[in-house]
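Okay, upload33.txt now, which holds compact mmCIF, N, CA, C and O atoms:
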# COMPACT_ATOMS: atom_id res chain seq x y z
N MET A 495 -40.55 -20.47 -44.75
CA MET A 495 -40.66 -20.80 -43.34
C MET A 495 -39.27 -20.74 -42.74
O MET A 495 -38.35 -21.40 -43.20
N SER A 496 -39.13 -19.95 -41.72
CA SER A 496 -37.83 -19.81 -41.10
C SER A 496 -37.51 -21.01 -40.22
O SER A 496 -38.39 -21.77 -39.80
N THR A 497 -36.25 -21.16 -39.92
CA THR A 497 -35.80 -22.28 -39.10
C THR A 497 -36.33 -22.17 -37.68
O THR A 497 -36.71 -23.18 -37.07
N VAL A 498 -36.39 -20.97 -37.15
CA VAL A 498 -36.88 -20.77 -35.79
C VAL A 498 -38.36 -21.16 -35.69
O VAL A 498 -38.78 -21.81 -34.73
N TYR A 499 -39.14 -20.80 -36.69
CA TYR A 499 -40.56 -21.15 -36.71
C TYR A 499 -40.75 -22.66 -36.78
O TYR A 499 -41.59 -23.23 -36.11
N PHE A 500 -39.94 -23.32 -37.61
CA PHE A 500 -40.01 -24.77 -37.73
C PHE A 500 -39.65 -25.45 -36.42
O PHE A 500 -40.30 -26.40 -36.00
N ILE A 501 -38.61 -24.97 -35.76
CA ILE A 501 -38.19 -25.56 -34.48
C ILE A 501 -39.26 -25.33 -33.42
O ILE A 501 -39.52 -26.19 -32.58
N THR A 502 -39.91 -24.17 -33.46
CA THR A 502 -41.00 -23.89 -32.52
C THR A 502 -42.16 -24.85 -32.72
O THR A 502 -42.71 -25.38 -31.75
N LEU A 503 -42.54 -25.09 -33.96
CA LEU A 503 -43.63 -26.04 -34.23
C LEU A 503 -43.22 -27.46 -33.87
O LEU A 503 -44.04 -28.23 -33.35
N LEU A 504 -41.98 -27.82 -34.10
CA LEU A 504 -41.50 -29.15 -33.75
C LEU A 504 -41.49 -29.35 -32.24
O LEU A 504 -41.89 -30.41 -31.75
N SER A 505 -41.08 -28.33 -31.52
CA SER A 505 -41.09 -28.45 -30.05
C SER A 505 -42.53 -28.48 -29.53
O SER A 505 -42.82 -29.21 -28.58
N ALA A 506 -43.45 -27.74 -30.16
CA ALA A 506 -44.86 -27.81 -29.76
C ALA A 506 -45.42 -29.20 -30.02
O ALA A 506 -46.19 -29.72 -29.21
N LEU A 507 -45.01 -29.83 -31.12
CA LEU A 507 -45.44 -31.19 -31.42
C LEU A 507 -44.98 -32.15 -30.33
O LEU A 507 -45.77 -32.97 -29.85
N ILE A 508 -43.75 -32.05 -29.92
CA ILE A 508 -43.22 -32.93 -28.88
C ILE A 508 -43.92 -32.68 -27.55
O ILE A 508 -44.30 -33.62 -26.85
N TYR A 509 -44.11 -31.41 -27.20
CA TYR A 509 -44.78 -31.09 -25.93
C TYR A 509 -46.22 -31.58 -25.90
O TYR A 509 -46.69 -32.10 -24.89
N ILE A 510 -46.93 -31.42 -27.00
CA ILE A 510 -48.32 -31.86 -27.07
C ILE A 510 -48.39 -33.38 -26.97
O ILE A 510 -49.24 -33.92 -26.24
N ALA A 511 -47.51 -34.08 -27.68
CA ALA A 511 -47.52 -35.55 -27.63
C ALA A 511 -47.20 -36.04 -26.22
O ALA A 511 -47.86 -36.96 -25.71
N LEU A 512 -46.22 -35.44 -25.58
CA LEU A 512 -45.86 -35.86 -24.22
C LEU A 512 -46.95 -35.53 -23.20
O LEU A 512 -47.27 -36.34 -22.32
N ALA A 513 -47.54 -34.35 -23.32
CA ALA A 513 -48.60 -33.96 -22.38
C ALA A 513 -49.84 -34.82 -22.56
O ALA A 513 -50.49 -35.21 -21.58
N ALA A 514 -50.18 -35.14 -23.81
CA ALA A 514 -51.34 -35.99 -24.07
C ALA A 514 -51.11 -37.40 -23.53
O ALA A 514 -52.00 -38.00 -22.92
N ALA A 515 -49.91 -37.93 -23.74
CA ALA A 515 -49.60 -39.26 -23.21
C ALA A 515 -49.66 -39.25 -21.68
O ALA A 515 -50.18 -40.20 -21.07
N PHE A 516 -49.15 -38.21 -21.07
CA PHE A 516 -49.20 -38.10 -19.61
C PHE A 516 -50.65 -38.05 -19.12
O PHE A 516 -51.01 -38.75 -18.17
N ALA A 517 -51.48 -37.25 -19.78
CA ALA A 517 -52.88 -37.13 -19.35
C ALA A 517 -53.62 -38.46 -19.49
O ALA A 517 -54.38 -38.85 -18.60
N ILE A 518 -53.38 -39.16 -20.59
CA ILE A 518 -54.06 -40.45 -20.80
C ILE A 518 -53.60 -41.48 -19.79
O ILE A 518 -54.39 -42.23 -19.22
N LEU A 519 -52.29 -41.52 -19.55
CA LEU A 519 -51.77 -42.46 -18.54
C LEU A 519 -52.28 -42.11 -17.14
O LEU A 519 -52.57 -43.00 -16.34
N LEU A 520 -52.41 -40.82 -16.86
CA LEU A 520 -52.89 -40.39 -15.54
C LEU A 520 -54.34 -40.79 -15.32
O LEU A 520 -54.67 -41.34 -14.27
N ILE A 521 -55.20 -40.55 -16.31
CA ILE A 521 -56.61 -40.93 -16.11
C ILE A 521 -56.77 -42.44 -16.07
O ILE A 521 -57.69 -42.95 -15.44
N GLY A 522 -55.86 -43.16 -16.72
CA GLY A 522 -55.89 -44.62 -16.64
C GLY A 522 -55.43 -45.10 -15.27
O GLY A 522 -56.02 -46.02 -14.70
N LYS A 523 -54.41 -44.47 -14.74
CA LYS A 523 -53.88 -44.87 -13.43
C LYS A 523 -54.85 -44.54 -12.30
O LYS A 523 -54.97 -45.29 -11.33
N LEU A 524 -55.57 -43.44 -12.43
CA LEU A 524 -56.53 -43.05 -11.40
C LEU A 524 -57.84 -43.82 -11.50
O LEU A 524 -58.70 -43.70 -10.62
N GLY A 525 -58.02 -44.57 -12.56
CA GLY A 525 -59.24 -45.36 -12.73
C GLY A 525 -60.38 -44.60 -13.38
O GLY A 525 -61.48 -45.15 -13.53
N ILE A 526 -60.14 -43.37 -13.76
CA ILE A 526 -61.19 -42.55 -14.38
C ILE A 526 -61.55 -43.11 -15.75
O ILE A 526 -62.72 -43.15 -16.12
N ARG A 527 -60.55 -43.57 -16.48
CA ARG A 527 -60.80 -44.09 -17.82
C ARG A 527 -61.70 -45.33 -17.78
O ARG A 527 -62.66 -45.43 -18.54
N ASP A 528 -61.42 -46.26 -16.89
CA ASP A 528 -62.25 -47.46 -16.77
C ASP A 528 -63.66 -47.12 -16.30
O ASP A 528 -64.63 -47.73 -16.76
N ASN A 529 -63.76 -46.16 -15.41
CA ASN A 529 -65.06 -45.72 -14.92
C ASN A 529 -65.90 -45.12 -16.05
O ASN A 529 -67.09 -45.39 -16.16
N ILE A 530 -65.27 -44.32 -16.90
CA ILE A 530 -65.98 -43.71 -18.03
C ILE A 530 -66.37 -44.79 -19.04
O ILE A 530 -67.48 -44.75 -19.59
N ILE A 531 -65.50 -45.76 -19.27
CA ILE A 531 -65.81 -46.83 -20.24
C ILE A 531 -67.03 -47.63 -19.79
O ILE A 531 -67.87 -48.00 -20.61
N THR A 532 -67.15 -47.87 -18.49
CA THR A 532 -68.27 -48.70 -18.02
C THR A 532 -69.58 -47.92 -17.87
O THR A 532 -70.65 -48.49 -18.05
N LYS A 533 -69.50 -46.62 -17.53
CA LYS A 533 -70.71 -45.88 -17.19
C LYS A 533 -71.19 -44.88 -18.24
O LYS A 533 -72.33 -44.43 -18.17
N ALA A 534 -70.37 -44.52 -19.19
CA ALA A 534 -70.73 -43.48 -20.16
C ALA A 534 -71.59 -44.06 -21.29
O ALA A 534 -71.66 -45.27 -21.47
N PRO A 535 -72.25 -43.17 -22.05
CA PRO A 535 -72.97 -43.63 -23.24
C PRO A 535 -72.02 -44.32 -24.22
O PRO A 535 -70.80 -44.17 -24.13
N LYS A 536 -72.59 -45.06 -25.16
CA LYS A 536 -71.81 -45.93 -26.04
C LYS A 536 -70.72 -45.18 -26.81
O LYS A 536 -69.59 -45.65 -26.90
N LEU A 537 -71.04 -44.02 -27.37
CA LEU A 537 -70.06 -43.27 -28.17
C LEU A 537 -68.87 -42.83 -27.32
O LEU A 537 -67.71 -43.01 -27.72
N ILE A 538 -69.13 -42.27 -26.16
CA ILE A 538 -68.05 -41.83 -25.26
C ILE A 538 -67.27 -43.04 -24.75
O ILE A 538 -66.04 -42.99 -24.64
N SER A 539 -67.97 -44.13 -24.46
CA SER A 539 -67.31 -45.35 -24.00
C SER A 539 -66.35 -45.90 -25.05
O SER A 539 -65.22 -46.28 -24.73
N GLN A 540 -66.79 -45.90 -26.30
CA GLN A 540 -65.92 -46.37 -27.38
C GLN A 540 -64.74 -45.43 -27.59
O GLN A 540 -63.63 -45.88 -27.89
N LEU A 541 -64.95 -44.13 -27.42
CA LEU A 541 -63.87 -43.16 -27.56
C LEU A 541 -62.80 -43.40 -26.51
O LEU A 541 -61.60 -43.40 -26.82
N PHE A 542 -63.18 -43.60 -25.27
CA PHE A 542 -62.21 -43.80 -24.20
C PHE A 542 -61.57 -45.19 -24.26
O PHE A 542 -60.51 -45.40 -23.68
N ASP A 543 -62.20 -46.13 -24.96
CA ASP A 543 -61.63 -47.47 -25.08
C ASP A 543 -60.59 -47.54 -26.19
O ASP A 543 -59.71 -48.40 -26.18
N CYS A 544 -60.66 -46.63 -27.15
CA CYS A 544 -59.73 -46.61 -28.30
C CYS A 544 -58.56 -45.68 -27.98
O CYS A 544 -58.74 -44.47 -27.82
N ASP A 545 -57.34 -46.23 -27.92
CA ASP A 545 -56.16 -45.42 -27.62
C ASP A 545 -55.90 -44.37 -28.70
O ASP A 545 -55.52 -43.24 -28.39
N PHE A 546 -56.08 -44.74 -29.95
CA PHE A 546 -55.82 -43.81 -31.05
C PHE A 546 -56.78 -42.63 -31.00
O PHE A 546 -56.37 -41.48 -31.15
N CYS A 547 -58.07 -42.92 -30.78
CA CYS A 547 -59.08 -41.86 -30.73
C CYS A 547 -58.84 -40.92 -29.55
O CYS A 547 -58.88 -39.71 -29.69
N LEU A 548 -58.57 -41.52 -28.41
CA LEU A 548 -58.33 -40.72 -27.21
C LEU A 548 -57.06 -39.88 -27.35
O LEU A 548 -57.02 -38.73 -26.92
N SER A 549 -56.04 -40.44 -28.02
CA SER A 549 -54.82 -39.68 -28.27
C SER A 549 -55.09 -38.48 -29.15
O SER A 549 -54.58 -37.37 -28.89
N PHE A 550 -55.89 -38.67 -30.20
CA PHE A 550 -56.19 -37.56 -31.10
C PHE A 550 -56.96 -36.46 -30.39
O PHE A 550 -56.60 -35.28 -30.48
N TRP A 551 -58.03 -36.82 -29.69
CA TRP A 551 -58.86 -35.79 -29.07
C TRP A 551 -58.15 -35.08 -27.93
O TRP A 551 -58.31 -33.87 -27.74
N THR A 552 -57.33 -35.81 -27.19
CA THR A 552 -56.55 -35.17 -26.13
C THR A 552 -55.53 -34.21 -26.73
O THR A 552 -55.37 -33.08 -26.25
N SER A 553 -54.86 -34.64 -27.79
CA SER A 553 -53.89 -33.76 -28.47
C SER A 553 -54.57 -32.54 -29.07
O SER A 553 -54.02 -31.43 -29.03
N LEU A 554 -55.77 -32.73 -29.61
CA LEU A 554 -56.49 -31.60 -30.20
C LEU A 554 -56.88 -30.57 -29.14
O LEU A 554 -56.74 -29.37 -29.35
N ILE A 555 -57.34 -31.04 -28.00
CA ILE A 555 -57.70 -30.11 -26.92
C ILE A 555 -56.47 -29.33 -26.46
O ILE A 555 -56.53 -28.11 -26.30
N LEU A 556 -55.35 -30.02 -26.29
CA LEU A 556 -54.12 -29.34 -25.88
C LEU A 556 -53.63 -28.37 -26.95
O LEU A 556 -53.15 -27.27 -26.64
N ALA A 557 -53.77 -28.74 -28.21
CA ALA A 557 -53.34 -27.87 -29.31
C ALA A 557 -54.21 -26.61 -29.39
O ALA A 557 -53.70 -25.52 -29.66
N ILE A 558 -55.50 -26.75 -29.16
CA ILE A 558 -56.38 -25.59 -29.17
C ILE A 558 -56.01 -24.63 -28.04
O ILE A 558 -55.97 -23.41 -28.23
N ILE A 559 -55.71 -25.18 -26.87
CA ILE A 559 -55.29 -24.34 -25.74
C ILE A 559 -54.00 -23.60 -26.09
O ILE A 559 -53.88 -22.39 -25.85
N LEU A 560 -53.03 -24.31 -26.67
CA LEU A 560 -51.77 -23.66 -27.06
C LEU A 560 -51.99 -22.63 -28.16
O LEU A 560 -51.36 -21.57 -28.15
N ALA A 561 -52.85 -22.94 -29.12
CA ALA A 561 -53.11 -22.01 -30.22
C ALA A 561 -53.72 -20.71 -29.71
O ALA A 561 -53.38 -19.63 -30.18
N ILE A 562 -54.62 -20.83 -28.76
CA ILE A 562 -55.22 -19.63 -28.17
C ILE A 562 -54.18 -18.86 -27.35
O ILE A 562 -54.09 -17.63 -27.43
N PHE A 563 -53.39 -19.61 -26.58
CA PHE A 563 -52.40 -18.97 -25.70
C PHE A 563 -51.33 -18.22 -26.51
O PHE A 563 -50.95 -17.10 -26.18
N PHE A 564 -50.84 -18.84 -27.60
CA PHE A 564 -49.79 -18.22 -28.41
C PHE A 564 -50.32 -17.43 -29.60
O PHE A 564 -49.53 -16.84 -30.34
N ASN A 565 -51.65 -17.46 -29.80
CA ASN A 565 -52.28 -16.76 -30.92
C ASN A 565 -51.68 -17.19 -32.26
O ASN A 565 -51.37 -16.38 -33.13
N GLU A 566 -51.50 -18.50 -32.41
CA GLU A 566 -50.93 -19.09 -33.62
C GLU A 566 -51.81 -20.25 -34.05
O GLU A 566 -51.79 -21.32 -33.45
N MET A 567 -52.59 -20.06 -35.09
CA MET A 567 -53.58 -21.06 -35.48
C MET A 567 -52.98 -22.28 -36.19
O MET A 567 -53.63 -23.30 -36.31
N SER A 568 -51.74 -22.20 -36.65
CA SER A 568 -51.14 -23.35 -37.31
C SER A 568 -50.85 -24.49 -36.33
O SER A 568 -50.65 -25.63 -36.75
N ILE A 569 -50.88 -24.21 -35.04
CA ILE A 569 -50.67 -25.24 -34.02
C ILE A 569 -51.82 -26.25 -34.03
O ILE A 569 -51.64 -27.40 -33.63
N ILE A 570 -52.98 -25.86 -34.51
CA ILE A 570 -54.15 -26.74 -34.50
C ILE A 570 -53.93 -27.97 -35.39
O ILE A 570 -54.54 -29.02 -35.17
N PHE A 571 -53.03 -27.91 -36.36
CA PHE A 571 -52.76 -29.04 -37.23
C PHE A 571 -51.78 -30.05 -36.63
O PHE A 571 -51.60 -31.13 -37.18
N ILE A 572 -51.18 -29.73 -35.51
CA ILE A 572 -50.20 -30.61 -34.88
C ILE A 572 -50.78 -31.95 -34.43
O ILE A 572 -50.11 -32.97 -34.54
N PRO A 573 -52.02 -32.04 -33.92
CA PRO A 573 -52.53 -33.35 -33.48
C PRO A 573 -52.55 -34.43 -34.56
O PRO A 573 -52.48 -35.61 -34.25
N ILE A 574 -52.61 -34.03 -35.82
CA ILE A 574 -52.57 -35.02 -36.90
C ILE A 574 -51.24 -35.77 -36.87
O ILE A 574 -51.19 -36.98 -37.10
N ILE A 575 -50.17 -35.08 -36.54
CA ILE A 575 -48.85 -35.69 -36.50
C ILE A 575 -48.53 -36.26 -35.11
O ILE A 575 -47.87 -37.28 -35.00
N SER A 576 -49.02 -35.61 -34.06
CA SER A 576 -48.66 -36.05 -32.71
C SER A 576 -49.46 -37.26 -32.23
O SER A 576 -49.05 -37.91 -31.27
N THR A 577 -50.56 -37.57 -32.88
CA THR A 577 -51.39 -38.71 -32.44
C THR A 577 -50.63 -40.03 -32.50
O THR A 577 -50.66 -40.78 -31.53
N PRO A 578 -49.95 -40.37 -33.60
CA PRO A 578 -49.20 -41.63 -33.58
C PRO A 578 -48.08 -41.66 -32.55
O PRO A 578 -47.80 -42.71 -31.95
N ILE A 579 -47.46 -40.51 -32.30
CA ILE A 579 -46.40 -40.44 -31.30
C ILE A 579 -46.98 -40.69 -29.92
O ILE A 579 -46.43 -41.47 -29.11
N THR A 580 -48.12 -40.07 -29.63
CA THR A 580 -48.79 -40.28 -28.34
C THR A 580 -49.21 -41.73 -28.20
O THR A 580 -49.07 -42.33 -27.13
N ARG A 581 -49.72 -42.32 -29.25
CA ARG A 581 -50.16 -43.72 -29.23
C ARG A 581 -49.00 -44.65 -28.92
O ARG A 581 -49.13 -45.60 -28.16
N ILE A 582 -47.83 -44.37 -29.46
CA ILE A 582 -46.64 -45.18 -29.17
C ILE A 582 -46.21 -45.01 -27.72
O ILE A 582 -45.83 -45.97 -27.06
N LEU A 583 -46.33 -43.79 -27.19
CA LEU A 583 -45.91 -43.52 -25.82
C LEU A 583 -46.80 -44.20 -24.78
O LEU A 583 -46.34 -44.56 -23.71
N ILE A 584 -48.10 -44.35 -25.12
CA ILE A 584 -48.97 -45.00 -24.14
C ILE A 584 -48.99 -46.50 -24.38
O ILE A 584 -49.28 -47.28 -23.56
Whole structure given in structure tokens:
Amino acid sequence: MSTVYFITLLSALIYIALAAAFAILLIGKLGIRDNIITKAPKLISQLFDCDFCLSFWTSLILAIILAIFFNEMSIIFIPIISTPITRILI
């Protein structure tokens, strides 16, 4: 693994963690998160109530978008590492 490839994956990890934290904080600030927790079915309500779960799924969605955009499937494994970082940020 070259150094440039490693730095690219590391920067993708940081970008995904920051973007996921921003998205979660934004839906919380707009009141969308509380609205979903009160009105959604039980499984979705529990997902949006758990910061760790929401961090993982948000990071996974962002990673899939990046993987498709850059045509690099190894990016899909980044949410496993970025979830705790996102959780700390929120």
What are the centre and the three edge lengths of an axis-aligned box that wraps all atoms of range 536-553 of chain A in the file, given that 8 Å is added to every side, written as AutoDock Vina command-line options and rounded to one decimal in Å?
--center_x -63.2 --center_y -39.9 --center_z -27.4 --size_x 34.7 --size_y 33.0 --size_z 23.5
*With a distance cut-off of 12 Å and only C-alpha atoms, select the neighbouring residues of range 561-566 of chain A, excluding the residue or stretch itself and same-chain residues fewer than 6 positions from it, and output the selection as a ChimeraX atom specification.*
/A:499,502-503,506,510,553-555,572-573
_Between atom O of Gly522 in chain A and atom N of Ser505 in chain A - distance in Å to one decimal_ =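 Separation of atom N of Ser505 in chain A and atom O of Gly522 in chain A: 28.6 Å.
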*Distance CA of Ser549 in chain A-CA of Leu524 in chain A, one decimal place?*
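Distance between the two atoms: 17.3 Å.
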*asked:* Considering only C-alpha atoms, can you say which of A:Thr577, A:Ser496, A:Ser568, A:Ser539 comes closest to Ile526 in chain A?
replied: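 Nearest candidate to Ile526 in chain A out of A:Thr577, A:Ser496, A:Ser568, A:Ser539: A:Ser539.
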*Find the residues around Ile531 in chain A up to 8 Å (only N, CA, C and O atoms counted), leave out those fewer than 5 positions away in its own chain, and share them as an MDAnalysis selection string.*
chainID A and resid 525:526 536 538:543
*Atomic distance CA of Lys523 in chain A - CA of Cys544 in chain A, expressed in Å with one decimal*: 16.1 Å
*With only C-alpha atoms as the basis for distance, which of A:Phe571, A:Ile530, A:Val498, A:Ile584 is at the shortest distance from Ala514 in chain A?*
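Once distances to Ala514 in chain A are computed over only C-alpha atoms, the minimum belongs to A:Ile584.
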*Rank A:Leu520, A:Ala515, A:Leu507, A:Leu537 by their smallest atom-to-atom distance to Leu583 in chain A, using all atoms listed in the file, and report the top residue only.*
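Looking at the shortest contact to Leu583 in chain A, the residue is A:Ala515.
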*asked:* Give me the residues near Pro578 in chain A as a list in words, where near means some atom within 10 Å (using only C-alpha atoms) and where sequence neighbours in that chain fewer than 3 positions away do not count.
replied: Ala511, Asp545, Phe546, Ser549, Phe550, Pro573, Ile574, Ile575, Arg581, Ile582 and Leu583 of chain A
_For the structure I just gave you, how does DSSP split chain A - specifically, which residues are alpha helix (DSSP H)? Reply as a ChimeraX atom specification._
/A:497-523,526-533,536-543,545-564,572-583
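Across A:Ser576, A:Leu556, A:Arg527, A:Ile570, the tightest approach to Ile508 in chain A is made by A:Ser576 when counting only N, CA, C and O atoms.
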